[in-house]
Amino acid sequence: MVFSSLLFLFMYLPIVLILYYICPRRWRNLLLFIVNLIFYGWGEPIFVTLMIFSTIVDYTCGYFINKYRETNKKKAKGFLIASVCINLGLLGFFKYAGFLTNTLNYLPFLNIPALKIPLPIGISFYTFQTMSYSIDVYRGDAPVQKNIITFGTYVSLFPQLIAGPIVRYKDVAYQLDHRRETLDQFTKGVCLFCVGLGKKVLIANQMGALWDNIRETGEMGWLGSWVGIIAYTFQIYFDFSGYSDMACGLGNMFGFEFLKNFNYPYISKSITEFWRRWHISLGTWFREYVYIPLGGNRMGVPRQILNLLIVWFLTGFWHGADFNFIFWGLYFGLLLVLEKFILKKWLDKAPAAIQHIYALFFIVIGWVLFYFSDLGEMGAFFQSMFSFGGAVITPDAGALTLSYLPMLLVAALASTPLMAKLYKKVENTKAAPVLQALFCCVVLGIATALLVSQSYNPFLYFRF
Amino acid sequence: MKKAYKFLPAALFLIFIVGMMVLFFVLPKKEYSSSEKRYLEQAPKFSFQSLLSGKFGEDFEKFLSDQTAGRNFWVGLSSYYNYAIGNNGSTGIYLCKNGYLVNDPEKMDNLSRNISYINGFAEKCPIDTTVLVAPSTGYICDDILPDVHKQYRDDEHFENMKAELASARFIDVREAFKKEYADGNQIYYKTDHHWTAYGAYTAYRELGDVLGYTPHTKEDYTVTSYPGFYGTTYSSSGFWMTKPDTVEVWDNPANDSTVITTITDNGNVTEQKDMFYLNHLEDDDKYPIYLDGNHPYTMIENSAASSNEKLLVVKDSFAHSLVPYLADHYSKIIMVDLRYYTDSVSQLIEQEGIDRVLVVYSIDNLATDTNLGWLE
């Protein structure tokens, strides 16, 4: 199930909210656990077993890691390794086995039959969450969870189940057992959810339509190609951050507080800054559970560069089982290394405008790598982007650009903190709730209209 | 609760989502949507099997979206919202001046392949083949288009078709249509993709030279108008505030008692002493009043026709409003629709002793049709 669907908005969510708030507090986690599984299993009920399996495995591992942590380091480590291996094994089997066999088949002497394994939605996200639990318990950073229902609630928590943010167990450990839902928090959640819904349905989907339509025109001219990839740049940001906002907002409605996942990434002045603002929960995860354990920057420059490249290889590969995602990850890894050791001195002295252009240019180029899994198509698109001698923009691409121009401008504006700053000015006045209410109603109304008129509406990040 | 107004957003949000849910449960379920011309999804039957396979969930979602309270209202809101933010044509249909709804230019991917099928057929065919293609509305009525629109490349396509149809006669109606339109005549419907009775008449007039008949003048017909026609572009556009069209029947009083229409569809044969099926006036979509709409095989016999020739028409629905004019000149006209007619056309020509073949398509259909390969 996805948030931006009629099924979720006008059936699942109202029912779950009503049940949740009439349910006595001590049963609320159990209720959440059950409705989480319904949410997850709606499209493919078979994978509910996977979720239950994950819950049992990590609960058991966590239990024994905690038990032996003080007394028998070896045993504790054994359970930790078991947990990590099982999680990575699930991810590897469901997400990467197909890619691996395809790749191995390039070897002339191999001919492995093609694997067709359906990808369980959200597996990249919840396996990372459960690993964070085992590791944190092992490190003593998080308390063990003795109640398997509560633990299951964490593993399967529907707001962030399928597209993040990746919530570390230690960040919600206390909330799982002790949260107190308040009307203030609920209202905040409603507003955040509407912001996310607006980002997704009103902006991302429109930008996606522009990107698809402009590619369908065939020849688009170099400016047309840039318009297209910029539309995609907006699409992916508003899609993903919209989803995160909806997740955080829903969390609020049920008394949870999740960490921010996006912080206006497109206003960055460098790639380093971009990755501090983009998909923060994933960056944090890789830093804490891969980069630092590998030695981080404490073992000399060559080792640090190697560590960075490993992390960025993995980050790229996490986004999808294909070569272009690996290139995309390594591309950012290299840029970060370059910035850290060479470019930073110059960049810092450059005028702000240059820094912004520099960062945005490489971010946008990155999305070309990200989008095209067919390397031939990717090359052709690059060629089109930089054929400044050819057509500027074809008539049809031009017509599309003009049709979507207002939304492109809205998207550009919404990528900056401007609106939030303006809102800050009225935040504490009496007008604020009215403005909020108006905003929520408009977004909900238009989103409903757009959703009804387009029954097909999958999230981009489902592939990951 | 002094500061209750602070919770206004939450209250309205809950009212909205709970309200929509309650309306879904309370409102009677619709079986058929006349604006979409399809049966709506009904409550899926529950079984363990369908649940486990995920089919129940999928069907339930379709059921829910098909039966959403105020569905047409939302669809309309979506269209007008997109229009308001500058994205006219988001549904593939432009809201144009003078109350026209016009399909955006079709991708012409299959055009040259389909033309080569027709040419190949004409080459082998022992009798004359004539091809008539209706230009797109956006091309003829270009003055009503929104400022920002994709290009209608009919000129390019018509020149290509002319060149590629070496073995057939090609009737180019572009000039005639443009002239009639410039003179203030309505060639195409405002809410439907078809040509009007007047547009079809213009095509009939242009065909006379090549097919060898003297077309009747407008004055020879008794014209009856029926208002309230909402066509296909209307129902797929969501622009619900558009005014309806008027559909016209141009009846030649001379053939009132001499014409018999026989429709063969799915083994059923029905006969009527007229070419107009006025029972369709009750529907929103009134275009099927011409020859009862799409059927695989339709035969029109006129015992008082001006010639004894027999004409075969290979066509899409644009022919339905054209053929009534032609019926005055042929003792027998057979229309086949390749989307539904699966027998050999050349055998049919032989069996029936056909004298001429006329191929009638709109350019949009010709460019996207995938059944012309059956033409042999």
# chains A, B, ... in the order shown; residues from 1 in each chain; ligands from 1

$ residues_around --residues "segment 250-258 of chain A" --least-positions-apart "5" --cutoff "9 Å" --atoms "only C-alpha atoms" --output "number ranges by chain"
A: 17, 20-21, 157-160, 165, 167, 171-172, 175-176, 179-183, 185-190, 192-193, 245

$ interface_residues --of "chain B" --to "chain A" --cutoff "9 Å" --atoms "only C-alpha atoms" --output "PyMOL selection string"
chain B and resi 5-14+16-22+24+51-58+60-62+64-66+68+71-79+81+85-90+107+148-151+238

$ closest_residue --among "B:Lys273, B:Lys286, B:Lys30, B:Lys45" --to "Val249 of chain B" --atoms "only C-alpha atoms"
B:Lys286

$ select_by_dssp --residues "segment 42-129 of chain B" --states "alpha helix (DSSP H)" --output "PyMOL selection string"
chain B and resi 48-53+55-66+71-84+111-124

$ closest_residue --among "A:Gln129, A:Asn72, A:Thr272, A:Thr101" --to "Lys116 of chain A" --atoms "only C-alpha atoms"
A:Thr101
